[in-house]
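A.B. asks: Data: model02.pdb, PDB, N, CA and C atoms.
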```pdb
ATOM      1  N   PHE A   1      -3.344   8.225  16.671
ATOM      2  CA  PHE A   1      -2.608   7.034  17.063
ATOM      3  C   PHE A   1      -1.736   7.329  18.277
ATOM      4  N   ASP A   2      -1.494   6.314  19.049
ATOM      5  CA  ASP A   2      -0.607   6.424  20.204
ATOM      6  C   ASP A   2       0.844   6.444  19.720
ATOM      7  N   THR A   3       1.698   7.193  20.393
ATOM      8  CA  THR A   3       3.105   7.276  19.981
ATOM      9  C   THR A   3       3.808   5.922  20.096
ATOM     10  N   LYS A   4       3.316   5.040  20.961
ATOM     11  CA  LYS A   4       3.913   3.713  21.093
ATOM     12  C   LYS A   4       3.836   2.943  19.785
ATOM     13  N   VAL A   5       2.755   3.144  19.037
ATOM     14  CA  VAL A   5       2.587   2.465  17.748
ATOM     15  C   VAL A   5       3.696   2.883  16.789
ATOM     16  N   PHE A   6       3.950   4.184  16.707
ATOM     17  CA  PHE A   6       4.979   4.681  15.801
ATOM     18  C   PHE A   6       6.371   4.253  16.235
ATOM     19  N   LEU A   7       6.613   4.238  17.538
ATOM     20  CA  LEU A   7       7.920   3.789  18.020
ATOM     21  C   LEU A   7       8.139   2.314  17.692
ATOM     22  N   LYS A   8       7.103   1.516  17.816
ATOM     23  CA  LYS A   8       7.215   0.098  17.446
ATOM     24  C   LYS A   8       7.514  -0.046  15.958
ATOM     25  N   ILE A   9       6.834   0.751  15.142
ATOM     26  CA  ILE A   9       7.062   0.699  13.695
ATOM     27  C   ILE A   9       8.497   1.083  13.369
ATOM     28  N   TYR A  10       8.991   2.162  13.976
ATOM     29  CA  TYR A  10      10.341   2.613  13.674
ATOM     30  C   TYR A  10      11.408   1.661  14.204
ATOM     31  N   LEU A  11      11.205   1.085  15.360
ATOM     32  CA  LEU A  11      12.166   0.098  15.857
ATOM     33  C   LEU A  11      12.178  -1.142  14.965
ATOM     34  N   TYR A  12      11.013  -1.575  14.513
ATOM     35  CA  TYR A  12      10.947  -2.704  13.585
ATOM     36  C   TYR A  12      11.680  -2.359  12.288
ATOM     37  N   GLY A  13      11.424  -1.165  11.760
ATOM     38  CA  GLY A  13      12.093  -0.736  10.534
ATOM     39  C   GLY A  13      13.595  -0.617  10.715
ATOM     40  N   TYR A  14      14.034  -0.134  11.873
ATOM     41  CA  TYR A  14      15.458   0.008  12.157
ATOM     42  C   TYR A  14      16.146  -1.352  12.203
ATOM     43  N   LEU A  15      15.504  -2.311  12.845
ATOM     44  CA  LEU A  15      16.092  -3.642  12.963
ATOM     45  C   LEU A  15      16.101  -4.404  11.646
ATOM     46  N   ASN A  16      15.164  -4.089  10.760
ATOM     47  CA  ASN A  16      15.058  -4.805   9.494
ATOM     48  C   ASN A  16      15.532  -3.996   8.292
ATOM     49  N   GLY A  17      16.119  -2.845   8.543
ATOM     50  CA  GLY A  17      16.691  -2.045   7.463
ATOM     51  C   GLY A  17      15.656  -1.404   6.546
ATOM     52  N   ILE A  18      14.504  -1.076   7.082
ATOM     53  CA  ILE A  18      13.445  -0.446   6.291
ATOM     54  C   ILE A  18      13.325   1.001   6.730
ATOM     55  N   ARG A  19      13.606   1.930   5.824
ATOM     56  CA  ARG A  19      13.579   3.345   6.186
ATOM     57  C   ARG A  19      12.411   4.092   5.580
ATOM     58  N   SER A  20      11.894   3.621   4.471
ATOM     59  CA  SER A  20      10.835   4.319   3.757
ATOM     60  C   SER A  20       9.500   4.199   4.491
ATOM     61  N   SER A  21       8.769   5.301   4.557
ATOM     62  CA  SER A  21       7.459   5.291   5.208
ATOM     63  C   SER A  21       6.466   4.428   4.434
ATOM     64  N   ARG A  22       6.563   4.458   3.121
ATOM     65  CA  ARG A  22       5.672   3.629   2.307
ATOM     66  C   ARG A  22       5.966   2.141   2.500
ATOM     67  N   ARG A  23       7.236   1.795   2.597
ATOM     68  CA  ARG A  23       7.583   0.393   2.833
ATOM     69  C   ARG A  23       7.174  -0.045   4.234
ATOM     70  N   LEU A  24       7.276   0.861   5.212
ATOM     71  CA  LEU A  24       6.820   0.526   6.561
ATOM     72  C   LEU A  24       5.317   0.286   6.582
ATOM     73  N   GLU A  25       4.570   1.092   5.825
ATOM     74  CA  GLU A  25       3.122   0.877   5.748
ATOM     75  C   GLU A  25       2.819  -0.481   5.118
ATOM     76  N   LYS A  26       3.538  -0.837   4.051
ATOM     77  CA  LYS A  26       3.334  -2.144   3.415
ATOM     78  C   LYS A  26       3.646  -3.283   4.376
ATOM     79  N   GLU A  27       4.705  -3.109   5.165
ATOM     80  CA  GLU A  27       5.062  -4.137   6.147
ATOM     81  C   GLU A  27       3.977  -4.284   7.213
ATOM     82  N   CYS A  28       3.340  -3.174   7.584
ATOM     83  CA  CYS A  28       2.246  -3.235   8.564
ATOM     84  C   CYS A  28       1.100  -4.094   8.044
ATOM     85  N   LEU A  29       0.859  -4.039   6.745
ATOM     86  CA  LEU A  29      -0.231  -4.802   6.149
ATOM     87  C   LEU A  29       0.174  -6.244   5.844
ATOM     88  N   ARG A  30       1.441  -6.467   5.510
ATOM     89  CA  ARG A  30       1.899  -7.755   5.014
ATOM     90  C   ARG A  30       2.444  -8.670   6.100
ATOM     91  N   ASN A  31       3.225  -8.120   7.010
ATOM     92  CA  ASN A  31       3.981  -8.929   7.952
ATOM     93  C   ASN A  31       3.150  -9.270   9.190
ATOM     94  N   ILE A  32       3.025 -10.552   9.449
ATOM     95  CA  ILE A  32       2.190 -11.017  10.559
ATOM     96  C   ILE A  32       2.774 -10.620  11.909
ATOM     97  N   GLU A  33       4.091 -10.703  12.057
ATOM     98  CA  GLU A  33       4.681 -10.348  13.359
ATOM     99  C   GLU A  33       4.534  -8.865  13.662
ATOM    100  N   LEU A  34       4.573  -8.022  12.638
ATOM    101  CA  LEU A  34       4.358  -6.593  12.856
ATOM    102  C   LEU A  34       2.885  -6.311  13.160
ATOM    103  N   GLN A  35       1.989  -7.047  12.532
ATOM    104  CA  GLN A  35       0.564  -6.903  12.848
ATOM    105  C   GLN A  35       0.307  -7.269  14.305
ATOM    106  N   TRP A  36       0.958  -8.317  14.768
ATOM    107  CA  TRP A  36       0.808  -8.713  16.167
ATOM    108  C   TRP A  36       1.382  -7.645  17.087
ATOM    109  N   LEU A  37       2.549  -7.117  16.722
ATOM    110  CA  LEU A  37       3.204  -6.100  17.535
ATOM    111  C   LEU A  37       2.355  -4.835  17.643
ATOM    112  N   LEU A  38       1.701  -4.468  16.554
ATOM    113  CA  LEU A  38       0.893  -3.244  16.521
ATOM    114  C   LEU A  38      -0.566  -3.482  16.894
ATOM    115  N   GLU A  39      -0.922  -4.716  17.205
ATOM    116  CA  GLU A  39      -2.293  -5.090  17.549
ATOM    117  C   GLU A  39      -3.256  -4.731  16.419
ATOM    118  N   ALA A  40      -2.848  -5.064  15.178
ATOM    119  CA  ALA A  40      -3.645  -4.891  13.953
ATOM    120  C   ALA A  40      -3.949  -3.435  13.618
ATOM    121  N   ILE A  41      -3.160  -2.503  14.135
ATOM    122  CA  ILE A  41      -3.317  -1.089  13.792
ATOM    123  C   ILE A  41      -2.325  -0.787  12.680
ATOM    124  N   CYS A  42      -2.790  -0.125  11.624
ATOM    125  CA  CYS A  42      -1.892   0.200  10.512
ATOM    126  C   CYS A  42      -2.093   1.645  10.074
ATOM    127  N   PRO A  43      -1.229   2.557  10.536
ATOM    128  CA  PRO A  43      -1.329   3.948  10.075
ATOM    129  C   PRO A  43      -0.849   4.052   8.624
ATOM    130  N   ASN A  44      -1.325   5.051   7.901
ATOM    131  CA  ASN A  44      -0.890   5.186   6.519
ATOM    132  C   ASN A  44       0.496   5.840   6.469
ATOM    133  N   TYR A  45       1.114   5.781   5.274
ATOM    134  CA  TYR A  45       2.500   6.226   5.135
ATOM    135  C   TYR A  45       2.670   7.704   5.467
ATOM    136  N   HIS A  46       1.680   8.528   5.164
ATOM    137  CA  HIS A  46       1.796   9.964   5.413
ATOM    138  C   HIS A  46       1.837  10.250   6.918
ATOM    139  N   THR A  47       1.047   9.522   7.679
ATOM    140  CA  THR A  47       1.035   9.688   9.135
ATOM    141  C   THR A  47       2.375   9.255   9.724
ATOM    142  N   ILE A  48       2.934   8.163   9.193
ATOM    143  CA  ILE A  48       4.243   7.688   9.650
ATOM    144  C   ILE A  48       5.311   8.724   9.344
ATOM    145  N   ALA A  49       5.266   9.283   8.136
ATOM    146  CA  ALA A  49       6.259  10.297   7.726
ATOM    147  C   ALA A  49       6.121  11.569   8.563
ATOM    148  N   ASP A  50       4.889  11.980   8.842
ATOM    149  CA  ASP A  50       4.679  13.176   9.662
ATOM    150  C   ASP A  50       5.201  12.975  11.079
ATOM    151  N   PHE A  51       5.008  11.776  11.620
ATOM    152  CA  PHE A  51       5.536  11.493  12.956
ATOM    153  C   PHE A  51       7.055  11.623  12.962
ATOM    154  N   ARG A  52       7.704  11.091  11.929
ATOM    155  CA  ARG A  52       9.165  11.198  11.823
ATOM    156  C   ARG A  52       9.592  12.649  11.698
ATOM    157  N   LYS A  53       8.863  13.423  10.891
ATOM    158  CA  LYS A  53       9.201  14.830  10.669
ATOM    159  C   LYS A  53       9.025  15.661  11.933
ATOM    160  N   ASP A  54       7.972  15.377  12.690
ATOM    161  CA  ASP A  54       7.660  16.169  13.877
ATOM    162  C   ASP A  54       8.505  15.799  15.095
ATOM    163  N   ASN A  55       9.122  14.614  15.101
ATOM    164  CA  ASN A  55       9.850  14.141  16.281
ATOM    165  C   ASN A  55      11.279  13.709  15.958
ATOM    166  N   THR A  56      11.983  14.481  15.144
ATOM    167  CA  THR A  56      13.319  14.066  14.718
ATOM    168  C   THR A  56      14.308  13.986  15.880
ATOM    169  N   LYS A  57      14.320  14.979  16.737
ATOM    170  CA  LYS A  57      15.275  14.975  17.853
ATOM    171  C   LYS A  57      15.008  13.824  18.816
ATOM    172  N   ALA A  58      13.751  13.602  19.123
ATOM    173  CA  ALA A  58      13.398  12.519  20.043
ATOM    174  C   ALA A  58      13.749  11.152  19.446
ATOM    175  N   LEU A  59      13.539  10.972  18.132
ATOM    176  CA  LEU A  59      13.869   9.698  17.493
ATOM    177  C   LEU A  59      15.379   9.457  17.472
ATOM    178  N   LYS A  60      16.158  10.506  17.211
ATOM    179  CA  LYS A  60      17.616  10.356  17.236
ATOM    180  C   LYS A  60      18.087   9.934  18.622
ATOM    181  N   GLN A  61      17.552  10.570  19.640
ATOM    182  CA  GLN A  61      17.924  10.234  21.013
ATOM    183  C   GLN A  61      17.485   8.811  21.356
ATOM    184  N   LEU A  62      16.303   8.413  20.901
ATOM    185  CA  LEU A  62      15.811   7.064  21.144
ATOM    186  C   LEU A  62      16.735   6.018  20.528
ATOM    187  N   PHE A  63      17.164   6.237  19.286
ATOM    188  CA  PHE A  63      18.015   5.254  18.626
ATOM    189  C   PHE A  63      19.412   5.216  19.234
ATOM    190  N   LYS A  64      19.902   6.349  19.730
ATOM    191  CA  LYS A  64      21.181   6.338  20.448
ATOM    192  C   LYS A  64      21.067   5.491  21.715
ATOM    193  N   LEU A  65      19.977   5.668  22.440
ATOM    194  CA  LEU A  65      19.747   4.864  23.643
ATOM    195  C   LEU A  65      19.572   3.387  23.302
ATOM    196  N   PHE A  66      18.900   3.106  22.193
ATOM    197  CA  PHE A  66      18.671   1.725  21.776
ATOM    198  C   PHE A  66      19.982   1.034  21.417
ATOM    199  N   VAL A  67      20.852   1.733  20.699
ATOM    200  CA  VAL A  67      22.156   1.168  20.331
ATOM    201  C   VAL A  67      23.006   0.947  21.580
ATOM    202  N   SER A  68      22.981   1.890  22.509
ATOM    203  CA  SER A  68      23.751   1.696  23.746
ATOM    204  C   SER A  68      23.195   0.530  24.559
ATOM    205  N   PHE A  69      21.871   0.329  24.534
ATOM    206  CA  PHE A  69      21.272  -0.833  25.196
ATOM    207  C   PHE A  69      21.754  -2.128  24.548
ATOM    208  N   LEU A  70      21.785  -2.161  23.217
ATOM    209  CA  LEU A  70      22.251  -3.361  22.518
ATOM    210  C   LEU A  70      23.722  -3.652  22.806
ATOM    211  N   LYS A  71      24.533  -2.598  22.932
ATOM    212  CA  LYS A  71      25.946  -2.784  23.290
ATOM    213  C   LYS A  71      26.075  -3.315  24.709
ATOM    214  N   ASP A  72      25.316  -2.758  25.639
ATOM    215  CA  ASP A  72      25.375  -3.200  27.038
ATOM    216  C   ASP A  72      24.911  -4.643  27.191
ATOM    217  N   ALA A  73      23.942  -5.046  26.380
ATOM    218  CA  ALA A  73      23.437  -6.418  26.433
ATOM    219  C   ALA A  73      24.315  -7.370  25.615
ATOM    220  N   GLU A  74      25.395  -6.832  25.024
ATOM    221  CA  GLU A  74      26.343  -7.584  24.200
ATOM    222  C   GLU A  74      25.657  -8.291  23.033
ATOM    223  N   LEU A  75      24.661  -7.629  22.465
ATOM    224  CA  LEU A  75      23.997  -8.156  21.274
ATOM    225  C   LEU A  75      24.652  -7.655  19.995
ATOM    226  N   ILE A  76      25.363  -6.521  20.087
ATOM    227  CA  ILE A  76      26.162  -6.011  18.981
ATOM    228  C   ILE A  76      27.523  -5.602  19.534
ATOM    229  N   ALA A  77      28.521  -5.597  18.645
ATOM    230  CA  ALA A  77      29.875  -5.250  19.071
ATOM    231  C   ALA A  77      30.096  -3.740  19.060
ATOM    232  N   GLY A  78      29.403  -3.035  18.188
ATOM    233  CA  GLY A  78      29.562  -1.590  18.117
ATOM    234  C   GLY A  78      30.762  -1.163  17.307
ATOM    235  N   GLU A  79      31.265  -2.052  16.451
ATOM    236  CA  GLU A  79      32.401  -1.710  15.596
ATOM    237  C   GLU A  79      31.904  -0.922  14.393
ATOM    238  N   THR A  80      32.769  -0.084  13.869
ATOM    239  CA  THR A  80      32.427   0.689  12.687
ATOM    240  C   THR A  80      32.770  -0.124  11.450
ATOM    241  N   ILE A  81      31.791  -0.247  10.567
ATOM    242  CA  ILE A  81      31.997  -0.975   9.320
ATOM    243  C   ILE A  81      31.664  -0.023   8.187
ATOM    244  N   ALA A  82      32.589   0.108   7.229
ATOM    245  CA  ALA A  82      32.367   0.974   6.074
ATOM    246  C   ALA A  82      32.253   0.109   4.829
ATOM    247  N   ILE A  83      31.270   0.429   4.008
ATOM    248  CA  ILE A  83      31.051  -0.315   2.772
ATOM    249  C   ILE A  83      31.146   0.674   1.622
ATOM    250  N   ASP A  84      31.961   0.328   0.642
ATOM    251  CA  ASP A  84      32.111   1.175  -0.533
ATOM    252  C   ASP A  84      31.011   0.818  -1.524
ATOM    253  N   GLY A  85      30.223   1.780  -1.904
ATOM    254  CA  GLY A  85      29.111   1.534  -2.810
ATOM    255  C   GLY A  85      29.404   1.925  -4.244
ATOM    256  N   THR A  86      30.683   1.985  -4.606
ATOM    257  CA  THR A  86      31.051   2.379  -5.956
ATOM    258  C   THR A  86      30.622   1.319  -6.953
ATOM    259  N   LYS A  87      29.980   1.773  -8.018
ATOM    260  CA  LYS A  87      29.579   0.857  -9.074
ATOM    261  C   LYS A  87      30.504   1.057 -10.260
ATOM    262  N   SER A  88      31.079  -0.005 -10.739
ATOM    263  CA  SER A  88      31.958   0.093 -11.897
ATOM    264  C   SER A  88      31.424  -0.814 -12.994
ATOM    265  N   ARG A  89      31.729  -0.462 -14.205
ATOM    266  CA  ARG A  89      31.247  -1.230 -15.350
ATOM    267  C   ARG A  89      32.422  -1.989 -15.941
ATOM    268  N   ALA A  90      32.265  -3.270 -16.113
ATOM    269  CA  ALA A  90      33.337  -4.106 -16.641
ATOM    270  C   ALA A  90      33.281  -4.128 -18.162
ATOM    271  N   HIS A  91      34.451  -4.126 -18.766
ATOM    272  CA  HIS A  91      34.576  -4.240 -20.218
ATOM    273  C   HIS A  91      35.386  -5.494 -20.492
ATOM    274  N   ASN A  92      34.800  -6.420 -21.194
ATOM    275  CA  ASN A  92      35.484  -7.674 -21.454
ATOM    276  C   ASN A  92      35.309  -8.062 -22.916
ATOM    277  N   SER A  93      35.891  -7.253 -23.781
ATOM    278  CA  SER A  93      35.841  -7.579 -25.200
ATOM    279  C   SER A  93      36.922  -8.611 -25.520
ATOM    280  N   LYS A  94      36.867  -9.158 -26.732
ATOM    281  CA  LYS A  94      37.873 -10.157 -27.114
ATOM    282  C   LYS A  94      39.274  -9.553 -27.134
ATOM    283  N   LYS A  95      39.358  -8.256 -27.442
ATOM    284  CA  LYS A  95      40.660  -7.590 -27.452
ATOM    285  C   LYS A  95      41.233  -7.426 -26.047
ATOM    286  N   ALA A  96      40.377  -7.117 -25.099
ATOM    287  CA  ALA A  96      40.832  -6.831 -23.732
ATOM    288  C   ALA A  96      40.925  -8.078 -22.871
ATOM    289  N   ASN A  97      40.414  -9.191 -23.361
ATOM    290  CA  ASN A  97      40.406 -10.422 -22.587
ATOM    291  C   ASN A  97      41.710 -11.187 -22.824
ATOM    292  N   TYR A  98      42.426 -11.496 -21.764
ATOM    293  CA  TYR A  98      43.697 -12.214 -21.884
ATOM    294  C   TYR A  98      43.617 -13.546 -21.162
ATOM    295  N   ASN A  99      44.062 -14.573 -21.825
ATOM    296  CA  ASN A  99      44.232 -15.870 -21.192
ATOM    297  C   ASN A  99      45.690 -16.285 -21.368
ATOM    298  N   GLN A 100      46.051 -17.429 -20.867
ATOM    299  CA  GLN A 100      47.455 -17.844 -20.889
ATOM    300  C   GLN A 100      47.969 -17.994 -22.317
ATOM    301  N   LYS A 101      47.142 -18.494 -23.215
ATOM    302  CA  LYS A 101      47.547 -18.680 -24.615
ATOM    303  C   LYS A 101      47.872 -17.338 -25.273
ATOM    304  N   LYS A 102      47.050 -16.323 -25.057
ATOM    305  CA  LYS A 102      47.277 -14.994 -25.622
ATOM    306  C   LYS A 102      48.526 -14.346 -25.023
ATOM    307  N   ILE A 103      48.721 -14.519 -23.737
ATOM    308  CA  ILE A 103      49.899 -13.947 -23.090
ATOM    309  C   ILE A 103      51.161 -14.550 -23.652
ATOM    310  N   ASP A 104      51.172 -15.890 -23.817
ATOM    311  CA  ASP A 104      52.341 -16.566 -24.386
ATOM    312  C   ASP A 104      52.605 -16.104 -25.801
ATOM    313  N   LYS A 105      51.550 -15.898 -26.581
ATOM    314  CA  LYS A 105      51.685 -15.440 -27.969
ATOM    315  C   LYS A 105      52.297 -14.047 -28.016
ATOM    316  N   HIS A 106      51.854 -13.136 -27.124
ATOM    317  CA  HIS A 106      52.377 -11.775 -27.095
ATOM    318  C   HIS A 106      53.829 -11.734 -26.613
ATOM    319  N   LEU A 107      54.173 -12.615 -25.704
ATOM    320  CA  LEU A 107      55.558 -12.642 -25.222
ATOM    321  C   LEU A 107      56.491 -13.129 -26.306
TER     322      LEU A 107
END
```
Let me see whether you can do it: turn the structure in this file into structure tokens.
C.D. replies:
Amino acid sequence: FDTKVFLKIYLYGYLNGIRSSRRLEKECLRNIELQWLLEAICPNYHTIADFRKDNTKALKQLFKLFVSFLKDAELIAGETIAIDGTKSRAHNSKKANYNQKKIDKHL
């Protein structure tokens, strides 16, 4: 395969939040706009993963250039956003649940 095909796949995955090679392969088969972009070429997931493994430095540099291009074109602001992914489990038993009537009773 031509390297342009893989770069198109990775840019599409980057823009749509798809990182998995298997999911990228599924998108190549399922998504019409990606089929058009790749001219109906669909490499398998192992080939996509090997390309990523063999060209890590070049891909990092490419995405840095891509982000700087998006900033220069004022398509993104470039602000840092942090999201806390902590999962907590709620406990809402009758004992732990308080409403105004229960609060008044306890007071």
A.B. asks: What is the distance between atom C of Lys71 of chain A and atom CA of Phe6 of chain A, in Å to one decimal?
C.D. replies: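 Between atom C of Lys71 of chain A and atom CA of Phe6 of chain A the gap is 24.3 Å.
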A.B. asks: Just want the 6 Å neighbourhood of Cys42 of chain A, counted on all atoms listed in the file, with same-chain residues fewer than 2 positions away dropped. Output as an NGL selection string.
C.D. replies: :A and (28 or 40 or 44)
A.B. asks: I need the residue set behind the PyMOL selection byres (((chain A and resi 25 and name CA) around 9) and name CA) for this file; please write it as a PyMOL selection string.
C.D. replies: chain A and resi 9+20-24+26-30+42-45+48
A.B. asks: Please write the residues from the selection above to a file, keeping N, CA and C atoms, as a PDB file, keeping the file's coordinate frame.
C.D. replies:
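So the final result, stored in result_18.pdb, reads:
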```pdb
ATOM      1  N   ILE A   9       6.834   0.751  15.142  1.00  0.00           N
ATOM      2  CA  ILE A   9       7.062   0.699  13.695  1.00  0.00           C
ATOM      3  C   ILE A   9       8.497   1.083  13.369  1.00  0.00           C
ATOM      4  N   SER A  20      11.894   3.621   4.471  1.00  0.00           N
ATOM      5  CA  SER A  20      10.835   4.319   3.757  1.00  0.00           C
ATOM      6  C   SER A  20       9.500   4.199   4.491  1.00  0.00           C
ATOM      7  N   SER A  21       8.769   5.301   4.557  1.00  0.00           N
ATOM      8  CA  SER A  21       7.459   5.291   5.208  1.00  0.00           C
ATOM      9  C   SER A  21       6.466   4.428   4.434  1.00  0.00           C
ATOM     10  N   ARG A  22       6.563   4.458   3.121  1.00  0.00           N
ATOM     11  CA  ARG A  22       5.672   3.629   2.307  1.00  0.00           C
ATOM     12  C   ARG A  22       5.966   2.141   2.500  1.00  0.00           C
ATOM     13  N   ARG A  23       7.236   1.795   2.597  1.00  0.00           N
ATOM     14  CA  ARG A  23       7.583   0.393   2.833  1.00  0.00           C
ATOM     15  C   ARG A  23       7.174  -0.045   4.234  1.00  0.00           C
ATOM     16  N   LEU A  24       7.276   0.861   5.212  1.00  0.00           N
ATOM     17  CA  LEU A  24       6.820   0.526   6.561  1.00  0.00           C
ATOM     18  C   LEU A  24       5.317   0.286   6.582  1.00  0.00           C
ATOM     19  N   LYS A  26       3.538  -0.837   4.051  1.00  0.00           N
ATOM     20  CA  LYS A  26       3.334  -2.144   3.415  1.00  0.00           C
ATOM     21  C   LYS A  26       3.646  -3.283   4.376  1.00  0.00           C
ATOM     22  N   GLU A  27       4.705  -3.109   5.165  1.00  0.00           N
ATOM     23  CA  GLU A  27       5.062  -4.137   6.147  1.00  0.00           C
ATOM     24  C   GLU A  27       3.977  -4.284   7.213  1.00  0.00           C
ATOM     25  N   CYS A  28       3.340  -3.174   7.584  1.00  0.00           N
ATOM     26  CA  CYS A  28       2.246  -3.235   8.564  1.00  0.00           C
ATOM     27  C   CYS A  28       1.100  -4.094   8.044  1.00  0.00           C
ATOM     28  N   LEU A  29       0.859  -4.039   6.745  1.00  0.00           N
ATOM     29  CA  LEU A  29      -0.231  -4.802   6.149  1.00  0.00           C
ATOM     30  C   LEU A  29       0.174  -6.244   5.844  1.00  0.00           C
ATOM     31  N   ARG A  30       1.441  -6.467   5.510  1.00  0.00           N
ATOM     32  CA  ARG A  30       1.899  -7.755   5.014  1.00  0.00           C
ATOM     33  C   ARG A  30       2.444  -8.670   6.100  1.00  0.00           C
ATOM     34  N   CYS A  42      -2.790  -0.125  11.624  1.00  0.00           N
ATOM     35  CA  CYS A  42      -1.892   0.200  10.512  1.00  0.00           C
ATOM     36  C   CYS A  42      -2.093   1.645  10.074  1.00  0.00           C
ATOM     37  N   PRO A  43      -1.229   2.557  10.536  1.00  0.00           N
ATOM     38  CA  PRO A  43      -1.329   3.948  10.075  1.00  0.00           C
ATOM     39  C   PRO A  43      -0.849   4.052   8.624  1.00  0.00           C
ATOM     40  N   ASN A  44      -1.325   5.051   7.901  1.00  0.00           N
ATOM     41  CA  ASN A  44      -0.890   5.186   6.519  1.00  0.00           C
ATOM     42  C   ASN A  44       0.496   5.840   6.469  1.00  0.00           C
ATOM     43  N   TYR A  45       1.114   5.781   5.274  1.00  0.00           N
ATOM     44  CA  TYR A  45       2.500   6.226   5.135  1.00  0.00           C
ATOM     45  C   TYR A  45       2.670   7.704   5.467  1.00  0.00           C
ATOM     46  N   ILE A  48       2.934   8.163   9.193  1.00  0.00           N
ATOM     47  CA  ILE A  48       4.243   7.688   9.650  1.00  0.00           C
ATOM     48  C   ILE A  48       5.311   8.724   9.344  1.00  0.00           C
TER      49      ILE A  48
END
```
A.B. asks: Taking all listed atoms of segment 43-59 of chain A, build the axis-aligned box, pad each of the six sides by 6 Å, then write its centre and edge lengths in Å to one decimal as JSON.
C.D. replies:
```
{"center_x": 7.0, "center_y": 9.4, "center_z": 12.6, "size_x": 28.7, "size_y": 25.6, "size_z": 26.9}
```
A.B. asks: Step by step, work through what the PyMOL selection byres (((chain A and resi 66 and name CA) around 12) and name CA) selects in the shown file, and finish by giving those residues as number ranges by chain.
C.D. replies: A: 7, 10-11, 14-15, 59-65, 67-73, 75-76, 78
A.B. asks: Selected residues, N, CA and C atoms, written as a CSV table (one decimal), keeping the file's coordinate frame, please.
C.D. replies:
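File part.csv, as written:
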```
chain,number,residue,atom,x,y,z
A,7,LEU,N,6.6,4.2,17.5
A,7,LEU,CA,7.9,3.8,18.0
A,7,LEU,C,8.1,2.3,17.7
A,10,TYR,N,9.0,2.2,14.0
A,10,TYR,CA,10.3,2.6,13.7
A,10,TYR,C,11.4,1.7,14.2
A,11,LEU,N,11.2,1.1,15.4
A,11,LEU,CA,12.2,0.1,15.9
A,11,LEU,C,12.2,-1.1,15.0
A,14,TYR,N,14.0,-0.1,11.9
A,14,TYR,CA,15.5,0.0,12.2
A,14,TYR,C,16.1,-1.4,12.2
A,15,LEU,N,15.5,-2.3,12.8
A,15,LEU,CA,16.1,-3.6,13.0
A,15,LEU,C,16.1,-4.4,11.6
A,59,LEU,N,13.5,11.0,18.1
A,59,LEU,CA,13.9,9.7,17.5
A,59,LEU,C,15.4,9.5,17.5
A,60,LYS,N,16.2,10.5,17.2
A,60,LYS,CA,17.6,10.4,17.2
A,60,LYS,C,18.1,9.9,18.6
A,61,GLN,N,17.6,10.6,19.6
A,61,GLN,CA,17.9,10.2,21.0
A,61,GLN,C,17.5,8.8,21.4
A,62,LEU,N,16.3,8.4,20.9
A,62,LEU,CA,15.8,7.1,21.1
A,62,LEU,C,16.7,6.0,20.5
A,63,PHE,N,17.2,6.2,19.3
A,63,PHE,CA,18.0,5.3,18.6
A,63,PHE,C,19.4,5.2,19.2
A,64,LYS,N,19.9,6.3,19.7
A,64,LYS,CA,21.2,6.3,20.4
A,64,LYS,C,21.1,5.5,21.7
A,65,LEU,N,20.0,5.7,22.4
A,65,LEU,CA,19.7,4.9,23.6
A,65,LEU,C,19.6,3.4,23.3
A,67,VAL,N,20.9,1.7,20.7
A,67,VAL,CA,22.2,1.2,20.3
A,67,VAL,C,23.0,0.9,21.6
A,68,SER,N,23.0,1.9,22.5
A,68,SER,CA,23.8,1.7,23.7
A,68,SER,C,23.2,0.5,24.6
A,69,PHE,N,21.9,0.3,24.5
A,69,PHE,CA,21.3,-0.8,25.2
A,69,PHE,C,21.8,-2.1,24.5
A,70,LEU,N,21.8,-2.2,23.2
A,70,LEU,CA,22.3,-3.4,22.5
A,70,LEU,C,23.7,-3.7,22.8
A,71,LYS,N,24.5,-2.6,22.9
A,71,LYS,CA,25.9,-2.8,23.3
A,71,LYS,C,26.1,-3.3,24.7
A,72,ASP,N,25.3,-2.8,25.6
A,72,ASP,CA,25.4,-3.2,27.0
A,72,ASP,C,24.9,-4.6,27.2
A,73,ALA,N,23.9,-5.0,26.4
A,73,ALA,CA,23.4,-6.4,26.4
A,73,ALA,C,24.3,-7.4,25.6
A,75,LEU,N,24.7,-7.6,22.5
A,75,LEU,CA,24.0,-8.2,21.3
A,75,LEU,C,24.7,-7.7,20.0
A,76,ILE,N,25.4,-6.5,20.1
A,76,ILE,CA,26.2,-6.0,19.0
A,76,ILE,C,27.5,-5.6,19.5
A,78,GLY,N,29.4,-3.0,18.2
A,78,GLY,CA,29.6,-1.6,18.1
A,78,GLY,C,30.8,-1.2,17.3
```
A.B. asks: Quick check, in Å to one decimal: how far apart do atom C of Ile18 of chain A and atom CA of Glu79 of chain A lie?
C.D. replies: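 Separation between atom C of Ile18 of chain A and atom CA of Glu79 of chain A: 21.2 Å.
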A.B. asks: DSSP on the backbone: which residues in chain A end up as alpha helix (DSSP H)? Give the answer as a ChimeraX atom specification.
C.D. replies: /A:3-16,21-30,32-38,45-54,56-72,100-106
A.B. asks: So what do you get for atom N of Thr86 of chain A versus atom N of Asn16 of chain A, distance-wise?
C.D. replies: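 Interatomic distance, atom N of Thr86 of chain A to atom N of Asn16 of chain A: 22.7 Å.
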